[in-house]
Amino acid sequence: MDMTLEVVTVPVSDLDRAKIFYGEALGFKVDLDSEVAPGMRIIQLTPPGSRCSIALMSGMPSHPEQPTMPPGSLHALQLCVTDIAKAHAELMSRGVPVSTIQHVGERGWEEGPGEEWNSFLFFKDPDGNTWCVQEAPSPLSER
């Protein structure tokens, strides 16, 4: 049985502000922006080249088995790119507050790129949800 991760809900306080951040600053494709029922809005966006989307929602009732996450409480979402320096420059040019490029070394996190699979940058969305961008040696379709 295949089991694919296709949508991750990102808790935000302002859907329009988050849509601008993810759609314009990060360059995610807006797949859907719809009021699915009165007072219930869903915005779904997909990172370029990804098969997994994020969902921004308001007014949706929570399921009793799934507690709600307050805005800014989702951490360590990870994106992969094949050129971390290019991604860093592009995100900076779009106004995304990214960290320096870092890697894990003998003393923990250290400045600069590392070896294969060991180059990262970090950023937060306007609500404080945290993201990591990791350099991969090749596109997902080739791994």
# chains A, B, ... in the order shown; residues from 1 in each chain; ligands from 1
>>> select_by_dssp(residues="range 37-115 of chain A", states="strand (DSSP E)", output="list in words")
Ala37, Met40, Arg41, Ile42, Ile43, Gln44, Leu45, Thr46, Ser53, Ile54, Ala55, Leu56, Met57, Ser58, Leu77, Gln78, Leu79, Cys80, Val81, Gln102, His103, Val104, Gly105, Gly108, Trp109, Glu110 and Glu111 of chain A
>>> atom_distance(atom1="CA of Met57 in chain A", atom2="CA of Val98 in chain A")
24.8 Å
>>> residues_around(residues="Glu110 in chain A", least_positions_apart="2", cutoff="12 Å", atoms="only C-alpha atoms", output="list in words")
Ser99, Thr100, Ile101, Gln102, His103, Val104, Gly105, Glu106, Arg107, Gly108, Gly112, Pro113, Gly114, Asn118, Ser119, Phe120 and Leu121 of chain A
>>> write_last_selection(atoms="N, CA, C and O atoms", output="PDB file, in the first residue's frame")
ATOM      1  N   SER A  99      18.361  32.613   7.443  1.00  0.00           N
ATOM      2  CA  SER A  99      19.617  32.555   8.187  1.00  0.00           C
ATOM      3  C   SER A  99      20.775  32.466   7.200  1.00  0.00           C
ATOM      4  O   SER A  99      20.580  32.356   5.988  1.00  0.00           O
ATOM      5  N   THR A 100      21.966  32.462   7.728  1.00  0.00           N
ATOM      6  CA  THR A 100      23.129  32.147   6.908  1.00  0.00           C
ATOM      7  C   THR A 100      23.069  30.671   6.544  1.00  0.00           C
ATOM      8  O   THR A 100      22.314  29.891   7.152  1.00  0.00           O
ATOM      9  N   ILE A 101      23.878  30.269   5.586  1.00  0.00           N
ATOM     10  CA  ILE A 101      24.011  28.845   5.260  1.00  0.00           C
ATOM     11  C   ILE A 101      24.843  28.211   6.364  1.00  0.00           C
ATOM     12  O   ILE A 101      25.875  28.747   6.764  1.00  0.00           O
ATOM     13  N   GLN A 102      24.385  27.078   6.869  1.00  0.00           N
ATOM     14  CA  GLN A 102      25.025  26.405   7.990  1.00  0.00           C
ATOM     15  C   GLN A 102      25.122  24.907   7.744  1.00  0.00           C
ATOM     16  O   GLN A 102      24.425  24.373   6.878  1.00  0.00           O
ATOM     17  N   HIS A 103      25.968  24.265   8.518  1.00  0.00           N
ATOM     18  CA  HIS A 103      26.075  22.805   8.473  1.00  0.00           C
ATOM     19  C   HIS A 103      26.313  22.291   9.893  1.00  0.00           C
ATOM     20  O   HIS A 103      26.657  23.052  10.788  1.00  0.00           O
ATOM     21  N   VAL A 104      26.121  20.993  10.064  1.00  0.00           N
ATOM     22  CA  VAL A 104      26.385  20.374  11.354  1.00  0.00           C
ATOM     23  C   VAL A 104      27.846  19.936  11.364  1.00  0.00           C
ATOM     24  O   VAL A 104      28.281  19.181  10.493  1.00  0.00           O
ATOM     25  N   GLY A 105      28.590  20.432  12.335  1.00  0.00           N
ATOM     26  CA  GLY A 105      30.004  20.098  12.460  1.00  0.00           C
ATOM     27  C   GLY A 105      30.312  19.504  13.820  1.00  0.00           C
ATOM     28  O   GLY A 105      29.408  19.146  14.582  1.00  0.00           O
ATOM     29  N   GLU A 106      31.574  19.449  14.143  1.00  0.00           N
ATOM     30  CA  GLU A 106      32.025  18.857  15.403  1.00  0.00           C
ATOM     31  C   GLU A 106      31.473  19.586  16.623  1.00  0.00           C
ATOM     32  O   GLU A 106      31.294  18.986  17.684  1.00  0.00           O
ATOM     33  N   ARG A 107      31.232  20.875  16.511  1.00  0.00           N
ATOM     34  CA  ARG A 107      30.742  21.670  17.640  1.00  0.00           C
ATOM     35  C   ARG A 107      29.257  22.006  17.521  1.00  0.00           C
ATOM     36  O   ARG A 107      28.774  22.944  18.132  1.00  0.00           O
ATOM     37  N   GLY A 108      28.533  21.274  16.718  1.00  0.00           N
ATOM     38  CA  GLY A 108      27.116  21.569  16.486  1.00  0.00           C
ATOM     39  C   GLY A 108      26.952  22.352  15.198  1.00  0.00           C
ATOM     40  O   GLY A 108      27.659  22.110  14.217  1.00  0.00           O
ATOM     41  N   GLY A 112      28.569  28.252   7.172  1.00  0.00           N
ATOM     42  CA  GLY A 112      29.063  27.797   5.877  1.00  0.00           C
ATOM     43  C   GLY A 112      28.487  26.464   5.458  1.00  0.00           C
ATOM     44  O   GLY A 112      27.900  25.742   6.258  1.00  0.00           O
ATOM     45  N   PRO A 113      28.658  26.137   4.170  1.00  0.00           N
ATOM     46  CA  PRO A 113      28.145  24.873   3.659  1.00  0.00           C
ATOM     47  C   PRO A 113      28.960  23.689   4.177  1.00  0.00           C
ATOM     48  O   PRO A 113      30.128  23.827   4.524  1.00  0.00           O
ATOM     49  N   GLY A 114      28.329  22.542   4.208  1.00  0.00           N
ATOM     50  CA  GLY A 114      28.991  21.307   4.612  1.00  0.00           C
ATOM     51  C   GLY A 114      29.128  20.371   3.428  1.00  0.00           C
ATOM     52  O   GLY A 114      28.981  20.769   2.270  1.00  0.00           O
ATOM     53  N   ASN A 118      24.572  18.131   3.896  1.00  0.00           N
ATOM     54  CA  ASN A 118      24.857  18.816   5.151  1.00  0.00           C
ATOM     55  C   ASN A 118      25.001  20.332   4.971  1.00  0.00           C
ATOM     56  O   ASN A 118      25.906  20.944   5.519  1.00  0.00           O
ATOM     57  N   SER A 119      24.105  20.923   4.190  1.00  0.00           N
ATOM     58  CA  SER A 119      24.052  22.383   4.042  1.00  0.00           C
ATOM     59  C   SER A 119      22.600  22.812   4.212  1.00  0.00           C
ATOM     60  O   SER A 119      21.705  22.262   3.561  1.00  0.00           O
ATOM     61  N   PHE A 120      22.384  23.791   5.100  1.00  0.00           N
ATOM     62  CA  PHE A 120      21.031  24.181   5.486  1.00  0.00           C
ATOM     63  C   PHE A 120      20.911  25.692   5.608  1.00  0.00           C
ATOM     64  O   PHE A 120      21.894  26.383   5.838  1.00  0.00           O
ATOM     65  N   LEU A 121      19.684  26.174   5.499  1.00  0.00           N
ATOM     66  CA  LEU A 121      19.333  27.530   5.908  1.00  0.00           C
ATOM     67  C   LEU A 121      17.975  27.445   6.577  1.00  0.00           C
ATOM     68  O   LEU A 121      17.257  26.455   6.420  1.00  0.00           O
TER      69      LEU A 121
END
>>> atom_distance(atom1="CA of Glu90 in chain A", atom2="CA of Leu56 in chain A")
23.7 Å
>>> atom_distance(atom1="CA of Val81 in chain A", atom2="CA of Arg17 in chain A")
24.8 Å
>>> residues_around(residues="range 20-37 of chain A", least_positions_apart="6", cutoff="10 Å", atoms="only C-alpha atoms", output="list in words")
Ile43, Gln44, Leu45, Thr46, Pro47, Pro48, Gly49, Ser50, Ser53, Ile54, Ala55, Leu56, Met57, Ser58, Gly59, Met60, Glu90, Leu91, Met92, Ser93, Arg94, Gly95, Val96, Asp125 and Pro126 of chain A
>>> write_last_selection(atoms="C-alpha atoms", output="PDB file, in the first residue's frame")
ATOM      1  CA  ILE A  43      -5.817  28.149   0.767  1.00  0.00           C
ATOM      2  CA  GLN A  44      -3.628  25.374  -0.611  1.00  0.00           C
ATOM      3  CA  LEU A  45      -0.138  26.160  -1.946  1.00  0.00           C
ATOM      4  CA  THR A  46       2.568  23.909  -3.380  1.00  0.00           C
ATOM      5  CA  PRO A  47       6.323  24.528  -3.360  1.00  0.00           C
ATOM      6  CA  PRO A  48       7.844  24.434  -6.871  1.00  0.00           C
ATOM      7  CA  GLY A  49       8.631  20.826  -7.812  1.00  0.00           C
ATOM      8  CA  SER A  50       6.917  19.347  -4.749  1.00  0.00           C
ATOM      9  CA  SER A  53       1.272  21.073  -0.472  1.00  0.00           C
ATOM     10  CA  ILE A  54       0.543  23.213   2.538  1.00  0.00           C
ATOM     11  CA  ALA A  55      -2.941  24.213   3.637  1.00  0.00           C
ATOM     12  CA  LEU A  56      -3.841  27.455   5.379  1.00  0.00           C
ATOM     13  CA  MET A  57      -7.304  27.343   6.912  1.00  0.00           C
ATOM     14  CA  SER A  58      -9.744  29.409   8.919  1.00  0.00           C
ATOM     15  CA  GLY A  59     -13.154  28.605  10.319  1.00  0.00           C
ATOM     16  CA  MET A  60     -12.742  24.848   9.949  1.00  0.00           C
ATOM     17  CA  GLU A  90      16.772  34.054  -4.252  1.00  0.00           C
ATOM     18  CA  LEU A  91      14.976  33.994  -0.908  1.00  0.00           C
ATOM     19  CA  MET A  92      16.963  37.020   0.286  1.00  0.00           C
ATOM     20  CA  SER A  93      16.068  38.897  -2.924  1.00  0.00           C
ATOM     21  CA  ARG A  94      12.383  38.133  -2.257  1.00  0.00           C
ATOM     22  CA  GLY A  95      12.619  39.575   1.259  1.00  0.00           C
ATOM     23  CA  VAL A  96      12.491  36.282   3.156  1.00  0.00           C
ATOM     24  CA  ASP A 125       6.916  32.655   8.388  1.00  0.00           C
ATOM     25  CA  PRO A 126       5.173  35.805   9.714  1.00  0.00           C
TER      26      PRO A 126
END
>>> closest_residue(among="A:Gly72, A:Pro67, A:Pro97, A:Pro139", to="Ala18 in chain A", atoms="only C-alpha atoms")
A:Gly72
>>> select_by_dssp(residues="range 14-119 of chain A", states="helix (DSSP H, G or I)", output="mmCIF file with N, CA and C atoms, in the first residue's frame")
data_model
loop_
_atom_site.group_PDB
_atom_site.id
_atom_site.type_symbol
_atom_site.label_atom_id
_atom_site.label_comp_id
_atom_site.auth_asym_id
_atom_site.auth_seq_id
_atom_site.Cartn_x
_atom_site.Cartn_y
_atom_site.Cartn_z
ATOM 1 N N LEU A 15 -4.803 34.686 7.020
ATOM 2 C CA LEU A 15 -4.694 33.929 5.765
ATOM 3 C C LEU A 15 -4.142 34.767 4.617
ATOM 4 N N ASP A 16 -4.587 35.992 4.498
ATOM 5 C CA ASP A 16 -4.125 36.815 3.378
ATOM 6 C C ASP A 16 -2.642 37.142 3.499
ATOM 7 N N ARG A 17 -2.181 37.478 4.698
ATOM 8 C CA ARG A 17 -0.750 37.748 4.920
ATOM 9 C C ARG A 17 0.074 36.487 4.628
ATOM 10 N N ALA A 18 -0.397 35.327 5.100
ATOM 11 C CA ALA A 18 0.317 34.069 4.867
ATOM 12 C C ALA A 18 0.322 33.708 3.376
ATOM 13 N N LYS A 19 -0.784 33.962 2.692
ATOM 14 C CA LYS A 19 -0.851 33.678 1.254
ATOM 15 C C LYS A 19 0.185 34.506 0.500
ATOM 16 N N ILE A 20 0.345 35.768 0.871
ATOM 17 C CA ILE A 20 1.357 36.624 0.231
ATOM 18 C C ILE A 20 2.757 36.097 0.534
ATOM 19 N N PHE A 21 3.014 35.727 1.792
ATOM 20 C CA PHE A 21 4.339 35.222 2.156
ATOM 21 C C PHE A 21 4.673 33.942 1.392
ATOM 22 N N TYR A 22 3.792 32.961 1.456
ATOM 23 C CA TYR A 22 4.081 31.678 0.814
ATOM 24 C C TYR A 22 3.989 31.767 -0.708
ATOM 25 N N GLY A 23 3.007 32.506 -1.209
ATOM 26 C CA GLY A 23 2.820 32.584 -2.657
ATOM 27 C C GLY A 23 3.804 33.506 -3.355
ATOM 28 N N GLU A 24 4.019 34.696 -2.799
ATOM 29 C CA GLU A 24 4.881 35.667 -3.467
ATOM 30 C C GLU A 24 6.327 35.593 -2.989
ATOM 31 N N ALA A 25 6.551 35.628 -1.685
ATOM 32 C CA ALA A 25 7.933 35.637 -1.181
ATOM 33 C C ALA A 25 8.624 34.292 -1.399
ATOM 34 N N ILE A 84 21.992 25.313 -2.527
ATOM 35 C CA ILE A 84 21.649 26.083 -1.333
ATOM 36 C C ILE A 84 22.047 27.548 -1.472
ATOM 37 N N ALA A 85 23.172 27.830 -2.125
ATOM 38 C CA ALA A 85 23.607 29.221 -2.298
ATOM 39 C C ALA A 85 22.622 29.977 -3.192
ATOM 40 N N LYS A 86 22.175 29.345 -4.248
ATOM 41 C CA LYS A 86 21.198 29.967 -5.149
ATOM 42 C C LYS A 86 19.868 30.183 -4.418
ATOM 43 N N ALA A 87 19.440 29.193 -3.643
ATOM 44 C CA ALA A 87 18.199 29.326 -2.880
ATOM 45 C C ALA A 87 18.316 30.456 -1.868
ATOM 46 N N HIS A 88 19.455 30.549 -1.193
ATOM 47 C CA HIS A 88 19.682 31.614 -0.212
ATOM 48 C C HIS A 88 19.577 32.978 -0.882
ATOM 49 N N ALA A 89 20.250 33.139 -2.003
ATOM 50 C CA ALA A 89 20.234 34.419 -2.714
ATOM 51 C C ALA A 89 18.827 34.763 -3.199
ATOM 52 N N GLU A 90 18.117 33.788 -3.741
ATOM 53 C CA GLU A 90 16.772 34.054 -4.252
ATOM 54 C C GLU A 90 15.815 34.426 -3.128
ATOM 55 N N LEU A 91 15.864 33.683 -2.024
ATOM 56 C CA LEU A 91 14.976 33.994 -0.908
ATOM 57 C C LEU A 91 15.292 35.373 -0.326
ATOM 58 N N MET A 92 16.578 35.692 -0.199
ATOM 59 C CA MET A 92 16.963 37.020 0.286
ATOM 60 C C MET A 92 16.428 38.106 -0.643
ATOM 61 N N SER A 93 16.533 37.888 -1.965
ATOM 62 C CA SER A 93 16.068 38.897 -2.924
ATOM 63 C C SER A 93 14.552 39.074 -2.874
#
>>> closest_residue(among="A:Glu135, A:Glu111, A:Glu142, A:Asp14", to="Gln78 in chain A", atoms="only C-alpha atoms")
A:Glu135
>>> residues_around(residues="Pro70 in chain A", least_positions_apart="6", cutoff="9 Å", atoms="only C-alpha atoms", output="list in words")
Pro11, Val12 and Ser13 of chain A
>>> decode(residues="range 2-122 of chain A", atoms="C-alpha atoms", output="PDB file, in the first residue's frame")
ATOM      1  CA  ASP A   2       1.344   3.413  -0.989  1.00  0.00           C
ATOM      2  CA  MET A   3       0.920   6.117   1.608  1.00  0.00           C
ATOM      3  CA  THR A   4       1.886   9.565   0.369  1.00  0.00           C
ATOM      4  CA  LEU A   5       2.251  12.762   2.349  1.00  0.00           C
ATOM      5  CA  GLU A   6       0.397  15.310   0.251  1.00  0.00           C
ATOM      6  CA  VAL A   7      -0.828  18.151   2.490  1.00  0.00           C
ATOM      7  CA  VAL A   8       0.505  19.686   5.704  1.00  0.00           C
ATOM      8  CA  THR A   9      -1.651  22.191   7.575  1.00  0.00           C
ATOM      9  CA  VAL A  10       0.297  25.288   8.627  1.00  0.00           C
ATOM     10  CA  PRO A  11      -1.354  27.230  11.472  1.00  0.00           C
ATOM     11  CA  VAL A  12      -1.470  30.957  10.734  1.00  0.00           C
ATOM     12  CA  SER A  13      -3.332  33.938  12.161  1.00  0.00           C
ATOM     13  CA  ASP A  14      -3.932  35.889   8.936  1.00  0.00           C
ATOM     14  CA  LEU A  15      -4.694  33.929   5.765  1.00  0.00           C
ATOM     15  CA  ASP A  16      -4.125  36.815   3.378  1.00  0.00           C
ATOM     16  CA  ARG A  17      -0.750  37.748   4.920  1.00  0.00           C
ATOM     17  CA  ALA A  18       0.317  34.069   4.867  1.00  0.00           C
ATOM     18  CA  LYS A  19      -0.851  33.678   1.254  1.00  0.00           C
ATOM     19  CA  ILE A  20       1.357  36.624   0.231  1.00  0.00           C
ATOM     20  CA  PHE A  21       4.339  35.222   2.156  1.00  0.00           C
ATOM     21  CA  TYR A  22       4.081  31.678   0.814  1.00  0.00           C
ATOM     22  CA  GLY A  23       2.820  32.584  -2.657  1.00  0.00           C
ATOM     23  CA  GLU A  24       4.881  35.667  -3.467  1.00  0.00           C
ATOM     24  CA  ALA A  25       7.933  35.637  -1.181  1.00  0.00           C
ATOM     25  CA  LEU A  26       8.535  31.873  -1.289  1.00  0.00           C
ATOM     26  CA  GLY A  27       7.121  31.312  -4.776  1.00  0.00           C
ATOM     27  CA  PHE A  28       4.691  28.528  -3.841  1.00  0.00           C
ATOM     28  CA  LYS A  29       1.930  27.961  -6.408  1.00  0.00           C
ATOM     29  CA  VAL A  30      -1.543  28.884  -5.174  1.00  0.00           C
ATOM     30  CA  ASP A  31      -3.588  25.788  -6.021  1.00  0.00           C
ATOM     31  CA  LEU A  32      -6.777  26.768  -4.244  1.00  0.00           C
ATOM     32  CA  ASP A  33      -8.252  29.719  -2.385  1.00  0.00           C
ATOM     33  CA  SER A  34     -11.835  28.920  -1.604  1.00  0.00           C
ATOM     34  CA  GLU A  35     -14.564  29.478   0.927  1.00  0.00           C
ATOM     35  CA  VAL A  36     -15.719  25.845   1.144  1.00  0.00           C
ATOM     36  CA  ALA A  37     -18.668  26.716   3.387  1.00  0.00           C
ATOM     37  CA  PRO A  38     -19.816  29.985   4.958  1.00  0.00           C
ATOM     38  CA  GLY A  39     -16.945  31.231   7.118  1.00  0.00           C
ATOM     39  CA  MET A  40     -14.641  28.318   6.208  1.00  0.00           C
ATOM     40  CA  ARG A  41     -11.721  29.209   3.931  1.00  0.00           C
ATOM     41  CA  ILE A  42      -8.910  27.019   2.658  1.00  0.00           C
ATOM     42  CA  ILE A  43      -5.817  28.149   0.767  1.00  0.00           C
ATOM     43  CA  GLN A  44      -3.628  25.374  -0.611  1.00  0.00           C
ATOM     44  CA  LEU A  45      -0.138  26.160  -1.946  1.00  0.00           C
ATOM     45  CA  THR A  46       2.568  23.909  -3.380  1.00  0.00           C
ATOM     46  CA  PRO A  47       6.323  24.528  -3.360  1.00  0.00           C
ATOM     47  CA  PRO A  48       7.844  24.434  -6.871  1.00  0.00           C
ATOM     48  CA  GLY A  49       8.631  20.826  -7.812  1.00  0.00           C
ATOM     49  CA  SER A  50       6.917  19.347  -4.749  1.00  0.00           C
ATOM     50  CA  ARG A  51       4.190  16.743  -4.568  1.00  0.00           C
ATOM     51  CA  CYS A  52       3.268  17.898  -1.048  1.00  0.00           C
ATOM     52  CA  SER A  53       1.272  21.073  -0.472  1.00  0.00           C
ATOM     53  CA  ILE A  54       0.543  23.213   2.538  1.00  0.00           C
ATOM     54  CA  ALA A  55      -2.941  24.213   3.637  1.00  0.00           C
ATOM     55  CA  LEU A  56      -3.841  27.455   5.379  1.00  0.00           C
ATOM     56  CA  MET A  57      -7.304  27.343   6.912  1.00  0.00           C
ATOM     57  CA  SER A  58      -9.744  29.409   8.919  1.00  0.00           C
ATOM     58  CA  GLY A  59     -13.154  28.605  10.319  1.00  0.00           C
ATOM     59  CA  MET A  60     -12.742  24.848   9.949  1.00  0.00           C
ATOM     60  CA  PRO A  61     -14.099  22.804  12.852  1.00  0.00           C
ATOM     61  CA  SER A  62     -11.428  20.742  14.568  1.00  0.00           C
ATOM     62  CA  HIS A  63     -11.843  16.997  14.808  1.00  0.00           C
ATOM     63  CA  PRO A  64     -11.914  15.682  18.390  1.00  0.00           C
ATOM     64  CA  GLU A  65      -8.945  13.391  17.666  1.00  0.00           C
ATOM     65  CA  GLN A  66      -6.826  16.234  16.251  1.00  0.00           C
ATOM     66  CA  PRO A  67      -6.166  19.149  18.583  1.00  0.00           C
ATOM     67  CA  THR A  68      -5.726  22.562  17.020  1.00  0.00           C
ATOM     68  CA  MET A  69      -2.290  24.121  16.701  1.00  0.00           C
ATOM     69  CA  PRO A  70      -1.997  27.798  17.544  1.00  0.00           C
ATOM     70  CA  PRO A  71      -0.452  30.041  14.861  1.00  0.00           C
ATOM     71  CA  GLY A  72       3.326  29.718  14.866  1.00  0.00           C
ATOM     72  CA  SER A  73       3.417  26.316  16.573  1.00  0.00           C
ATOM     73  CA  LEU A  74       4.552  24.180  13.612  1.00  0.00           C
ATOM     74  CA  HIS A  75       8.305  23.720  13.510  1.00  0.00           C
ATOM     75  CA  ALA A  76      11.018  22.085  11.416  1.00  0.00           C
ATOM     76  CA  LEU A  77       9.178  21.744   8.135  1.00  0.00           C
ATOM     77  CA  GLN A  78      11.854  20.936   5.584  1.00  0.00           C
ATOM     78  CA  LEU A  79      12.281  21.806   1.933  1.00  0.00           C
ATOM     79  CA  CYS A  80      15.082  20.475  -0.298  1.00  0.00           C
ATOM     80  CA  VAL A  81      16.973  22.282  -3.061  1.00  0.00           C
ATOM     81  CA  THR A  82      19.916  21.277  -5.219  1.00  0.00           C
ATOM     82  CA  ASP A  83      21.776  24.596  -4.839  1.00  0.00           C
ATOM     83  CA  ILE A  84      21.649  26.083  -1.333  1.00  0.00           C
ATOM     84  CA  ALA A  85      23.607  29.221  -2.298  1.00  0.00           C
ATOM     85  CA  LYS A  86      21.198  29.967  -5.149  1.00  0.00           C
ATOM     86  CA  ALA A  87      18.199  29.326  -2.880  1.00  0.00           C
ATOM     87  CA  HIS A  88      19.682  31.614  -0.212  1.00  0.00           C
ATOM     88  CA  ALA A  89      20.234  34.419  -2.714  1.00  0.00           C
ATOM     89  CA  GLU A  90      16.772  34.054  -4.252  1.00  0.00           C
ATOM     90  CA  LEU A  91      14.976  33.994  -0.908  1.00  0.00           C
ATOM     91  CA  MET A  92      16.963  37.020   0.286  1.00  0.00           C
ATOM     92  CA  SER A  93      16.068  38.897  -2.924  1.00  0.00           C
ATOM     93  CA  ARG A  94      12.383  38.133  -2.257  1.00  0.00           C
ATOM     94  CA  GLY A  95      12.619  39.575   1.259  1.00  0.00           C
ATOM     95  CA  VAL A  96      12.491  36.282   3.156  1.00  0.00           C
ATOM     96  CA  PRO A  97      14.426  36.609   6.430  1.00  0.00           C
ATOM     97  CA  VAL A  98      16.714  33.590   5.995  1.00  0.00           C
ATOM     98  CA  SER A  99      19.617  32.555   8.187  1.00  0.00           C
ATOM     99  CA  THR A 100      23.129  32.147   6.908  1.00  0.00           C
ATOM    100  CA  ILE A 101      24.011  28.845   5.260  1.00  0.00           C
ATOM    101  CA  GLN A 102      25.025  26.405   7.990  1.00  0.00           C
ATOM    102  CA  HIS A 103      26.075  22.805   8.473  1.00  0.00           C
ATOM    103  CA  VAL A 104      26.385  20.374  11.354  1.00  0.00           C
ATOM    104  CA  GLY A 105      30.004  20.098  12.460  1.00  0.00           C
ATOM    105  CA  GLU A 106      32.025  18.857  15.403  1.00  0.00           C
ATOM    106  CA  ARG A 107      30.742  21.670  17.640  1.00  0.00           C
ATOM    107  CA  GLY A 108      27.116  21.569  16.486  1.00  0.00           C
ATOM    108  CA  TRP A 109      25.787  24.113  13.976  1.00  0.00           C
ATOM    109  CA  GLU A 110      28.602  25.929  12.172  1.00  0.00           C
ATOM    110  CA  GLU A 111      28.634  28.678   9.544  1.00  0.00           C
ATOM    111  CA  GLY A 112      29.063  27.797   5.877  1.00  0.00           C
ATOM    112  CA  PRO A 113      28.145  24.873   3.659  1.00  0.00           C
ATOM    113  CA  GLY A 114      28.991  21.307   4.612  1.00  0.00           C
ATOM    114  CA  GLU A 115      29.493  18.102   2.684  1.00  0.00           C
ATOM    115  CA  GLU A 116      26.741  16.313   0.746  1.00  0.00           C
ATOM    116  CA  TRP A 117      23.354  16.494   2.509  1.00  0.00           C
ATOM    117  CA  ASN A 118      24.857  18.816   5.151  1.00  0.00           C
ATOM    118  CA  SER A 119      24.052  22.383   4.042  1.00  0.00           C
ATOM    119  CA  PHE A 120      21.031  24.181   5.486  1.00  0.00           C
ATOM    120  CA  LEU A 121      19.333  27.530   5.908  1.00  0.00           C
ATOM    121  CA  PHE A 122      16.430  28.453   8.138  1.00  0.00           C
TER     122      PHE A 122
END
